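Visitor: Before I ask anything, let me first share the structure, which is written out below as structure tokens.
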Amino acid sequence: GLRTLDEFHVSGGGGVDCRKACRLESLKNLEHLQVCGIRRLGDVSDVGEAKRLELDKKKYLFSLTLEFDKKEEGGERRKNEDDQNLLEALRPPLDLKELEIRYYRGNTVFPSWMTSLTNLKSLDLHWCENCELPPLGKLPSLEKLSLLIMRSVKRVGDEFLGIESDHHGSSSSVIIAFPKLKSLSIEVLRELEEWDYGITRTGNTVINIMPRLSSLTIGSCPELKALPDHIHQTTTLKELHIWQCRLLEERYRKGEGEDWPKISHIPNLHIGL
């Protein structure tokens with residue numbers, strides 16, 4: 001059976017040539033699908049159609065791209081709740097490895113299934129304009145995370161780590177947020193001002209953040225004031241790219257910036273363009 005379907009364009013029905021665009025349900029019988037990209041999800045008006053697809057039963061699916069639609073200039077776009085209900089209904093199988101979501105306009109939260117993808121290695125959230133960041137620190141297998149154009153995100157804080165602050169173990173222990181994350185890219189979050197955490201320990205429990213991070217890119221975040229302490233303290237970081245971030249560039253400028261000593265040990269540094 002068909003294993004890879006990168007460009008499945010959904011149609012809203014009617015007399016559409018199905019070679020170019022089809023009903024979502026026509027994916028239902030492709031049970032061997034491994035790689036799937038579904039575009040133009042904005043054309044799906046019936047959430048039931050997404051549920052009937054039973055994406056979570058496709059046991060071979062390891063890579064999924066869900067693309068809603070770019071905003072039409074001057075065009076009327078459907079309601080945000082429609083995107084939200086649709087994405088909730090497109091629950092992928094639990095052992096999905098790669099997920100990309102683009103142009104999603106649901107309100108504030110991502111679907112509840114996202115943090116249950118315990119085998120997810122790579123996640124791209126691009127142009128999800130109304131959303132806050134989900135508690136991705138909970139994902140035990142995540143190695144690569146890319147966040148692009150999320151204009152509702154003003155701060156990255158404790159919620160991102162996904163750690164309950166009332167975690168009181170009687171014996172001392174360590175909780176690791178983002179235990180396997182190696183590559184993190186945060187680009188064009190133009191409203192982002194703060195990236196820090198209030199929580200460094202909870203009860204007797206120490207919190208360890210991104211212990212394996214080796215590559216960090218921060219681009220076009222002009223309001224971001226500083227990087228969090230765990231970035232300064234990490235010994236695993238091999239590359240740091242900072243571009244079009246005026247406040248950060250000043251702070252980390254070679255030899256002059258107040259925080260230059262905190263990053264000067266990183267082997268591959270690119271500060272500014």
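Letters for chains follow the order of the structure tokens (A, B, ...), residue numbers begin at 1 for each chain, and ligand numbers begin at 1 in the order shown.
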Using only C-alpha atoms, determine which residues lie at most 12 Å from Leu120 of chain A, disregarding the query and same-chain residues fewer than 4 positions distant; provide the list as an MDAnalysis selection string.
Guide: chainID A and resid 61:64 92:100 113:116 124 136:145 178 180:181
Visitor: Can those selected residues be exported to a file as a tab-separated table (two decimals), in the first residue's frame so that it contains N, CA, C and O atoms?
Guide:
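Writing the result to out-v4.tsv gives the following:
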```tsv
chain	number	residue	atom	x	y	z
A	61	LEU	N	2.20	5.15	10.87
A	61	LEU	CA	2.45	6.58	10.63
A	61	LEU	C	3.50	7.11	11.60
A	61	LEU	O	3.34	7.00	12.81
A	62	PHE	N	4.61	7.63	11.06
A	62	PHE	CA	5.62	8.19	11.98
A	62	PHE	C	5.87	9.67	11.74
A	62	PHE	O	6.42	10.35	12.59
A	63	SER	N	5.45	10.21	10.58
A	63	SER	CA	5.70	11.62	10.29
A	63	SER	C	4.43	12.27	9.77
A	63	SER	O	3.84	11.79	8.80
A	64	LEU	N	4.01	13.36	10.41
A	64	LEU	CA	2.73	13.98	10.05
A	64	LEU	C	2.89	15.50	9.99
A	64	LEU	O	3.43	16.12	10.90
A	92	PRO	N	-3.14	11.98	16.30
A	92	PRO	CA	-2.30	10.99	15.61
A	92	PRO	C	-2.03	9.77	16.49
A	92	PRO	O	-2.37	9.78	17.68
A	93	PRO	N	-1.45	8.72	15.94
A	93	PRO	CA	-1.10	7.57	16.77
A	93	PRO	C	-0.07	7.97	17.84
A	93	PRO	O	0.75	8.86	17.61
A	94	LEU	N	-0.10	7.29	18.97
A	94	LEU	CA	0.73	7.68	20.11
A	94	LEU	C	2.22	7.55	19.87
A	94	LEU	O	3.02	8.20	20.52
A	95	ASP	N	2.63	6.69	18.92
A	95	ASP	CA	4.07	6.56	18.73
A	95	ASP	C	4.60	7.37	17.54
A	95	ASP	O	5.65	7.07	17.00
A	96	LEU	N	3.88	8.43	17.17
A	96	LEU	CA	4.34	9.35	16.13
A	96	LEU	C	5.73	9.90	16.48
A	96	LEU	O	6.00	10.20	17.64
A	97	LYS	N	6.61	10.02	15.47
A	97	LYS	CA	7.99	10.50	15.72
A	97	LYS	C	8.19	11.97	15.33
A	97	LYS	O	9.00	12.66	15.91
A	98	GLU	N	7.47	12.41	14.27
A	98	GLU	CA	7.68	13.78	13.77
A	98	GLU	C	6.32	14.44	13.53
A	98	GLU	O	5.44	13.84	12.91
A	99	LEU	N	6.20	15.68	14.02
A	99	LEU	CA	4.95	16.41	13.85
A	99	LEU	C	5.23	17.85	13.48
A	99	LEU	O	6.09	18.50	14.09
A	100	GLU	N	4.51	18.32	12.48
A	100	GLU	CA	4.61	19.74	12.11
A	100	GLU	C	3.20	20.30	11.98
A	100	GLU	O	2.34	19.68	11.35
A	113	TRP	N	-3.98	16.10	23.08
A	113	TRP	CA	-3.17	14.92	22.72
A	113	TRP	C	-1.68	15.23	22.53
A	113	TRP	O	-0.86	14.32	22.56
A	114	MET	N	-1.32	16.50	22.37
A	114	MET	CA	0.07	16.80	22.01
A	114	MET	C	1.08	16.31	23.05
A	114	MET	O	2.12	15.76	22.72
A	115	THR	N	0.75	16.49	24.33
A	115	THR	CA	1.73	16.10	25.35
A	115	THR	C	1.68	14.61	25.69
A	115	THR	O	2.41	14.14	26.54
A	116	SER	N	0.82	13.85	24.99
A	116	SER	CA	0.83	12.40	25.23
A	116	SER	C	1.64	11.66	24.16
A	116	SER	O	1.70	10.43	24.15
A	124	ASP	N	7.62	20.84	15.04
A	124	ASP	CA	7.67	22.19	14.46
A	124	ASP	C	6.30	22.84	14.63
A	124	ASP	O	5.31	22.30	14.13
A	136	LEU	N	5.82	21.53	26.73
A	136	LEU	CA	6.57	20.55	25.93
A	136	LEU	C	7.71	19.89	26.69
A	136	LEU	O	8.23	18.87	26.25
A	137	GLY	N	8.10	20.46	27.83
A	137	GLY	CA	9.15	19.85	28.65
A	137	GLY	C	8.81	18.45	29.12
A	137	GLY	O	9.68	17.68	29.51
A	138	LYS	N	7.51	18.13	29.05
A	138	LYS	CA	7.04	16.79	29.46
A	138	LYS	C	7.38	15.72	28.43
A	138	LYS	O	7.31	14.53	28.75
A	139	LEU	N	7.64	16.12	27.19
A	139	LEU	CA	7.81	15.10	26.14
A	139	LEU	C	9.17	14.42	26.30
A	139	LEU	O	10.21	15.03	26.06
A	140	PRO	N	9.18	13.14	26.67
A	140	PRO	CA	10.43	12.49	27.08
A	140	PRO	C	11.41	12.22	25.95
A	140	PRO	O	12.60	12.08	26.19
A	141	SER	N	10.91	12.16	24.69
A	141	SER	CA	11.79	11.77	23.57
A	141	SER	C	12.17	12.94	22.67
A	141	SER	O	12.92	12.77	21.72
A	142	LEU	N	11.62	14.14	22.94
A	142	LEU	CA	11.79	15.26	22.02
A	142	LEU	C	13.26	15.68	21.89
A	142	LEU	O	13.91	15.99	22.88
A	143	GLU	N	13.76	15.66	20.65
A	143	GLU	CA	15.16	16.02	20.39
A	143	GLU	C	15.30	17.35	19.65
A	143	GLU	O	16.29	18.03	19.76
A	144	LYS	N	14.27	17.68	18.84
A	144	LYS	CA	14.36	18.89	18.02
A	144	LYS	C	13.05	19.64	18.11
A	144	LYS	O	11.99	19.07	17.91
A	145	LEU	N	13.15	20.94	18.42
A	145	LEU	CA	11.96	21.77	18.54
A	145	LEU	C	12.17	23.07	17.79
A	145	LEU	O	13.17	23.75	17.98
A	178	PHE	N	12.59	18.59	29.30
A	178	PHE	CA	13.25	18.44	27.99
A	178	PHE	C	14.49	17.53	28.11
A	178	PHE	O	15.60	17.94	27.77
A	180	LYS	N	15.78	15.10	26.45
A	180	LYS	CA	16.60	14.70	25.29
A	180	LYS	C	16.78	15.81	24.26
A	180	LYS	O	17.37	15.58	23.21
A	181	LEU	N	16.27	16.99	24.56
A	181	LEU	CA	16.29	18.06	23.54
A	181	LEU	C	17.73	18.45	23.18
A	181	LEU	O	18.52	18.80	24.04
```
Visitor: Would you pick out the contacts of segment 245-248 of chain A at 7 Å or less, using only C-alpha atoms, so that residues sharing its chain but fewer than 4 positions from it are not included, and give the list as number ranges by chain?
Guide: A: 219-226, 252
Visitor: Got a sec: who's within 12 Å of Ile231 of chain A, counting only C-alpha atoms, leaving out chain neighbours fewer than 5 positions off, as a short mmCIF file (atom, residue, chain, number, x, y, z; two decimals) with N, CA, C and O atoms, in the first residue's frame?
Guide:
```
data_model
loop_
_atom_site.label_atom_id
_atom_site.label_comp_id
_atom_site.auth_asym_id
_atom_site.auth_seq_id
_atom_site.Cartn_x
_atom_site.Cartn_y
_atom_site.Cartn_z
N LEU A 184 17.16 23.52 19.51
CA LEU A 184 16.03 24.41 19.77
C LEU A 184 16.17 25.65 18.91
O LEU A 184 17.22 26.29 18.88
N TRP A 195 12.31 35.20 28.88
CA TRP A 195 12.47 33.75 28.87
C TRP A 195 13.19 33.41 30.17
O TRP A 195 14.40 33.52 30.26
N ASP A 196 12.42 33.09 31.18
CA ASP A 196 13.03 32.63 32.43
C ASP A 196 11.98 31.86 33.22
O ASP A 196 10.81 31.86 32.89
N TYR A 197 12.45 31.18 34.25
CA TYR A 197 11.56 30.32 35.02
C TYR A 197 11.62 30.74 36.48
O TYR A 197 12.68 31.03 37.01
N ASN A 208 16.15 20.06 36.46
CA ASN A 208 17.24 20.13 35.48
C ASN A 208 16.60 20.40 34.12
O ASN A 208 15.71 19.67 33.70
N ILE A 209 17.05 21.46 33.44
CA ILE A 209 16.39 21.88 32.20
C ILE A 209 17.32 21.71 31.00
O ILE A 209 18.43 22.22 30.98
N MET A 210 16.83 20.98 30.00
CA MET A 210 17.55 20.79 28.72
C MET A 210 19.01 20.36 28.92
O MET A 210 19.92 21.02 28.40
N PRO A 211 19.26 19.25 29.62
CA PRO A 211 20.65 18.86 29.91
C PRO A 211 21.46 18.44 28.69
O PRO A 211 22.67 18.33 28.78
N ARG A 212 20.79 18.21 27.53
CA ARG A 212 21.54 17.75 26.36
C ARG A 212 21.56 18.75 25.21
O ARG A 212 21.96 18.41 24.09
N LEU A 213 21.12 19.97 25.47
CA LEU A 213 21.00 20.94 24.39
C LEU A 213 22.36 21.21 23.74
O LEU A 213 23.32 21.53 24.42
N SER A 214 22.45 21.05 22.41
CA SER A 214 23.73 21.31 21.75
C SER A 214 23.65 22.45 20.73
O SER A 214 24.66 23.04 20.39
N SER A 215 22.43 22.76 20.25
CA SER A 215 22.31 23.83 19.25
C SER A 215 21.11 24.72 19.58
O SER A 215 20.00 24.22 19.76
N LEU A 216 21.35 26.03 19.65
CA LEU A 216 20.28 26.98 19.95
C LEU A 216 20.33 28.12 18.95
O LEU A 216 21.37 28.72 18.72
N THR A 217 19.17 28.39 18.34
CA THR A 217 19.04 29.53 17.42
C THR A 217 17.93 30.43 17.91
O THR A 217 16.81 29.97 18.16
N ALA A 226 17.04 38.63 27.65
CA ALA A 226 18.17 37.79 28.08
C ALA A 226 17.83 36.32 27.89
O ALA A 226 16.66 35.97 27.77
N THR A 236 26.91 21.52 27.38
CA THR A 236 26.73 20.71 26.16
C THR A 236 26.55 21.57 24.91
O THR A 236 26.61 21.06 23.80
N LEU A 237 26.32 22.89 25.08
CA LEU A 237 25.99 23.74 23.93
C LEU A 237 27.20 23.91 23.01
O LEU A 237 28.25 24.37 23.44
N LYS A 238 27.01 23.51 21.75
CA LYS A 238 28.10 23.59 20.77
C LYS A 238 27.90 24.76 19.80
O LYS A 238 28.85 25.27 19.24
N GLU A 239 26.63 25.12 19.56
CA GLU A 239 26.37 26.23 18.63
C GLU A 239 25.31 27.15 19.20
O GLU A 239 24.29 26.67 19.70
N LEU A 240 25.56 28.45 19.06
CA LEU A 240 24.57 29.46 19.44
C LEU A 240 24.50 30.48 18.32
O LEU A 240 25.51 31.10 17.97
N ASP A 259 27.08 40.13 29.28
CA ASP A 259 26.99 38.68 29.47
C ASP A 259 27.87 37.89 28.50
O ASP A 259 27.73 36.66 28.39
N LYS A 262 29.56 34.77 29.81
CA LYS A 262 28.71 33.61 30.08
C LYS A 262 28.58 32.69 28.86
O LYS A 262 28.17 31.54 29.00
N ILE A 263 28.86 33.21 27.68
CA ILE A 263 28.69 32.36 26.48
C ILE A 263 30.01 32.17 25.72
O ILE A 263 30.06 31.44 24.74
N HIS A 265 32.54 30.51 26.03
CA HIS A 265 33.12 29.16 25.93
C HIS A 265 32.48 28.32 24.83
O HIS A 265 32.96 27.24 24.50
N ILE A 266 31.36 28.80 24.25
CA ILE A 266 30.64 27.99 23.24
C ILE A 266 31.44 27.99 21.94
O ILE A 266 31.81 29.05 21.43
#
```
Visitor: In Å, how far is it from atom CA of Ala89 of chain A to atom CA of Leu24 of chain A?
Guide: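 Result for atom CA of Ala89 of chain A versus atom CA of Leu24 of chain A: 12.2 Å, one decimal.
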Visitor: Tell me, which residues of segment 56-258 of chain A carry DSSP helix (DSSP H, G or I), written as a ChimeraX atom specification?
Guide: /A:56-57,80-89,112-116,136-138,158-161,229-233,246-251
Visitor: Once DSSP has gone over the backbone, tell me which residues of segment 6-211 of chain A are in strand (DSSP E), as number ranges by chain.
Guide: A: 6-10, 21-22, 35-39, 63-67, 98-102, 122-126, 144-148, 155-156, 173-177, 183-187, 194-195, 201-202, 205-209
Visitor: Which is closer to Asn268 of chain A than all the others in A:Leu2, A:Glu49, A:His241, A:Glu249, using only C-alpha atoms?
Guide: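 Looking at the shortest contact to Asn268 of chain A, the residue is A:His241.
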Visitor: May I have the residues within 6 Å of Cys128 of chain A as a PyMOL selection string, using only C-alpha atoms and disregarding those fewer than 4 positions away in the same chain?
Guide: chain A and resi 103-105+150
Visitor: Just C-alpha atoms for this one: save the residues we selected as a compact mmCIF listing (two decimals), in the first residue's frame.
Guide:
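The file below, result.txt, is the result:
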```
# COMPACT_ATOMS: atom_id res chain seq x y z
CA TYR A 103 -1.05 28.16 10.14
CA TYR A 104 -3.20 26.86 12.99
CA ARG A 105 -5.43 29.58 14.42
CA MET A 150 3.87 32.73 17.28
```
Visitor: At what distance in Å, to one decimal, does atom CA of Asn85 of chain A lie from atom CA of Ala50 of chain A?
Guide: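 Between atom CA of Ala50 of chain A and atom CA of Asn85 of chain A the gap is 9.5 Å.
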Visitor: Which residue out of A:Arg23, A:Arg253, A:Lys58, A:Lys51 has the minimum interatomic distance to Cys36 of chain A when only C-alpha atoms are used?
Guide: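 Closest to Cys36 of chain A of all the choices is A:Lys58.
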Visitor: Which value, in Å to one decimal, gives the distance between atom CA of Leu189 of chain A and atom CA of Lys121 of chain A?
Guide: 22.5 Å
Visitor: Check the smallest atom-to-atom distance from each of A:Arg3, A:Lys28, A:Arg91, A:His126 to Ser185 of chain A using only C-alpha atoms, then report the winner.
Guide: A:His126
Visitor: Tell me which protein, DNA and RNA residues are within 10 Å of Gln84 of chain A, counting only C-alpha atoms, leaving out same-chain ones fewer than 5 positions away, and put them as a ChimeraX atom specification.
Guide: /A:47,79,89,104-111
